[in-house]
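What follows is a set of notes on a single structure, which appears directly below.
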Amino acid sequence: MRRHLFVCTNERASGKPACGRRGGVELVTAVQQALVARGSAARVTACGCLGPCFDGPNAVVYPEGTWYGALGAEDATALADALVTGEPYAAKRMAAPGDEDPDED
Ligand code: FES
């Protein structure tokens, strides 16, 4: 299974939090480098706002629909491991917007 990590790199001029300005851009690069080092076919792609801006930088993995928040470049190694193994990176996992439990579908 090829997993795909979408990382919010949204920028906005207002004072509202935006993942791009808070480290999302650096996170994309760091995860890409970690995946290359592992020879993994998993993908990471920058994307626009995922919704829970105050929790960011945020990311989501498909096909599982596993959400992560409060990420930084220091999390790249653990995220790459999660993409390779399929085991969620528990330390930064969060519920999907609208859910209360990260394990809820
Ligand atoms: S700006 Fe990243 S989730 Fe909204």
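Ordered as shown in the structure tokens, chains take letters A, B, and onward, while each chain numbers its residues from 1 and ligands are numbered from 1 in the order shown.
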#### Entry: Residues of range 18-68 of chain A in strand (DSSP E), written as a list in words
Arg43, Val44, Thr45, Ala46, Cys47, Ala59, Val60, Val61, Tyr62, Thr66, Trp67 and Tyr68 of chain A
Ligand 1 neighbours within 10 Å using only C-alpha atoms and all ligand atoms, as a CSV table (one decimal) with N, CA and C atoms, in the first residue's frame:
chain,number,residue,atom,x,y,z
A,7,VAL,N,0.4,17.7,3.9
A,7,VAL,CA,0.9,18.6,4.9
A,7,VAL,C,0.4,20.0,4.5
A,8,CYS,N,-0.4,20.6,5.5
A,8,CYS,CA,-0.9,22.0,5.2
A,8,CYS,C,0.3,22.9,5.2
A,9,THR,N,0.4,23.7,4.1
A,9,THR,CA,1.4,24.8,4.0
A,9,THR,C,0.7,26.1,3.7
A,10,ASN,N,-0.5,26.2,4.1
A,10,ASN,CA,-1.3,27.4,3.9
A,10,ASN,C,-0.7,28.6,4.4
A,11,GLU,N,-0.7,29.7,3.7
A,11,GLU,CA,-0.3,31.0,4.1
A,11,GLU,C,-1.5,31.9,4.1
A,12,ARG,N,-1.5,32.8,5.0
A,12,ARG,CA,-2.6,33.9,5.0
A,12,ARG,C,-2.0,35.1,5.6
A,16,LYS,N,-4.7,35.2,11.7
A,16,LYS,CA,-5.1,33.8,12.0
A,16,LYS,C,-3.9,32.9,11.8
A,17,PRO,N,-3.8,31.9,12.6
A,17,PRO,CA,-2.7,30.9,12.4
A,17,PRO,C,-2.7,30.3,11.1
A,18,ALA,N,-1.5,30.0,10.5
A,18,ALA,CA,-1.4,29.4,9.2
A,18,ALA,C,-0.2,28.4,9.2
A,19,CYS,N,-0.5,27.2,8.8
A,19,CYS,CA,0.6,26.2,9.0
A,19,CYS,C,1.8,26.5,8.2
A,20,GLY,N,1.7,27.1,7.0
A,20,GLY,CA,2.9,27.4,6.2
A,20,GLY,C,3.9,28.3,7.0
A,21,ARG,N,3.4,29.2,7.7
A,21,ARG,CA,4.3,30.2,8.4
A,21,ARG,C,4.8,29.5,9.7
A,22,ARG,N,4.1,28.5,10.1
A,22,ARG,CA,4.5,27.8,11.4
A,22,ARG,C,5.3,26.6,11.3
A,24,GLY,N,5.1,24.3,8.3
A,24,GLY,CA,4.6,23.3,7.4
A,24,GLY,C,5.5,23.1,6.2
A,47,CYS,N,-0.3,20.9,0.9
A,47,CYS,CA,-1.7,21.2,0.5
A,47,CYS,C,-2.2,22.5,1.2
A,48,GLY,N,-3.4,22.9,0.9
A,48,GLY,CA,-4.0,24.1,1.5
A,48,GLY,C,-4.6,23.7,2.8
A,49,CYS,N,-5.3,24.7,3.4
A,49,CYS,CA,-5.9,24.5,4.7
A,49,CYS,C,-6.7,23.3,4.9
A,50,LEU,N,-6.4,22.5,6.0
A,50,LEU,CA,-7.1,21.3,6.3
A,50,LEU,C,-8.3,21.5,7.3
A,51,GLY,N,-8.3,22.7,7.8
A,51,GLY,CA,-9.4,23.1,8.7
A,51,GLY,C,-9.1,23.5,10.1
A,52,PRO,N,-8.4,22.6,10.9
A,52,PRO,CA,-8.1,23.0,12.3
A,52,PRO,C,-6.9,23.8,12.5
A,53,CYS,N,-6.9,25.0,12.0
A,53,CYS,CA,-5.7,25.9,11.8
A,53,CYS,C,-5.0,26.1,13.2
A,54,PHE,N,-5.8,26.3,14.3
A,54,PHE,CA,-5.1,26.6,15.5
A,54,PHE,C,-4.3,25.4,16.1
A,55,ASP,N,-4.5,24.2,15.5
A,55,ASP,CA,-3.8,23.0,16.0
A,55,ASP,C,-2.5,22.8,15.2
A,56,GLY,N,-2.3,23.6,14.2
A,56,GLY,CA,-1.2,23.3,13.2
A,56,GLY,C,0.2,23.5,13.7
A,57,PRO,N,1.1,23.2,12.8
A,57,PRO,CA,0.9,22.6,11.5
A,57,PRO,C,0.3,21.2,11.5
A,58,ASN,N,-0.7,21.0,10.6
A,58,ASN,CA,-1.4,19.8,10.5
A,58,ASN,C,-1.1,19.0,9.3
A,59,ALA,N,-1.4,17.7,9.4
A,59,ALA,CA,-1.2,16.8,8.2
A,59,ALA,C,-2.2,15.6,8.4
A,69,GLY,N,-1.3,16.8,14.4
A,69,GLY,CA,-1.3,18.2,14.6
A,69,GLY,C,-0.1,18.6,15.4
### Query
Rounded to one decimal in Å, what is the spacing between CA of Trp67 in chain A and CA of Lys92 in chain A?
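Between these atoms lies a distance of 8.5 Å.
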Would you kindly return, as an mmCIF file with C-alpha atoms, in the first residue's frame, each protein, DNA or RNA residue with an atom no farther than 6 Å from any atom of His4 in chain A, considering only C-alpha atoms and excluding same-chain residues fewer than 2 positions away?
data_model
loop_
_atom_site.group_PDB
_atom_site.id
_atom_site.type_symbol
_atom_site.label_atom_id
_atom_site.label_comp_id
_atom_site.auth_asym_id
_atom_site.auth_seq_id
_atom_site.Cartn_x
_atom_site.Cartn_y
_atom_site.Cartn_z
ATOM 1 C CA ALA A 42 5.192 6.789 0.144
ATOM 2 C CA ARG A 43 4.401 10.334 -0.917
ATOM 3 C CA VAL A 44 4.228 13.695 0.803
ATOM 4 C CA VAL A 61 -2.319 10.363 5.865
ATOM 5 C CA TYR A 62 -4.416 8.534 3.281
#
### Task
Could you check which of A:Pro102, A:Val60, A:Ala76, A:Ala70 is closest to Ala46 in chain A, using only C-alpha atoms?
A:Val60
### Task
Point out the residue among A:Ala96, A:Leu79, A:Ala91, A:Val31 with the least atom-to-atom distance to Thr45 in chain A, counting only C-alpha atoms.
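Checking each candidate against Thr45 in chain A, we get A:Val31 as the closest.
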### Message
Using only C-alpha atoms, can you tell me which of A:Gly15, A:Arg2, A:Leu71, A:Ala80 comes closest to Ala37 in chain A?
### Response
A:Ala80
### Query
Taking the backbone alone, and naming residues the way the document does, which bits of range 1-103 of chain A are alpha helix (DSSP H) by DSSP, as a PyMOL selection string?
chain A and resi 25-38+76-85
### Message
So, with only C-alpha atoms as the atoms that count, which of A:Asp99, A:Arg3, A:Asp81, A:Tyr68 lies closest to Ala34 in chain A?
### Response
A:Asp81
### Query
What does the distance from CA of Val28 in chain A to CA of Thr77 in chain A come to in Å, to one decimal?
11.5 Å
### Task
Between A:Val36, A:Leu5, A:Ala41, A:Ala73, single out the one closest to Gly23 in chain A, counting only C-alpha atoms.
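Residue with the minimum atom-to-atom distance to Gly23 in chain A: A:Ala73.
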### Query
With only C-alpha atoms as the atoms that count, which of A:Ala13, A:Ala95, A:Val25, A:Ala90 lies nearest to Ala78 in chain A?
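Looking only at the distances to Ala78 in chain A, the closest residue turns out to be A:Ala90.
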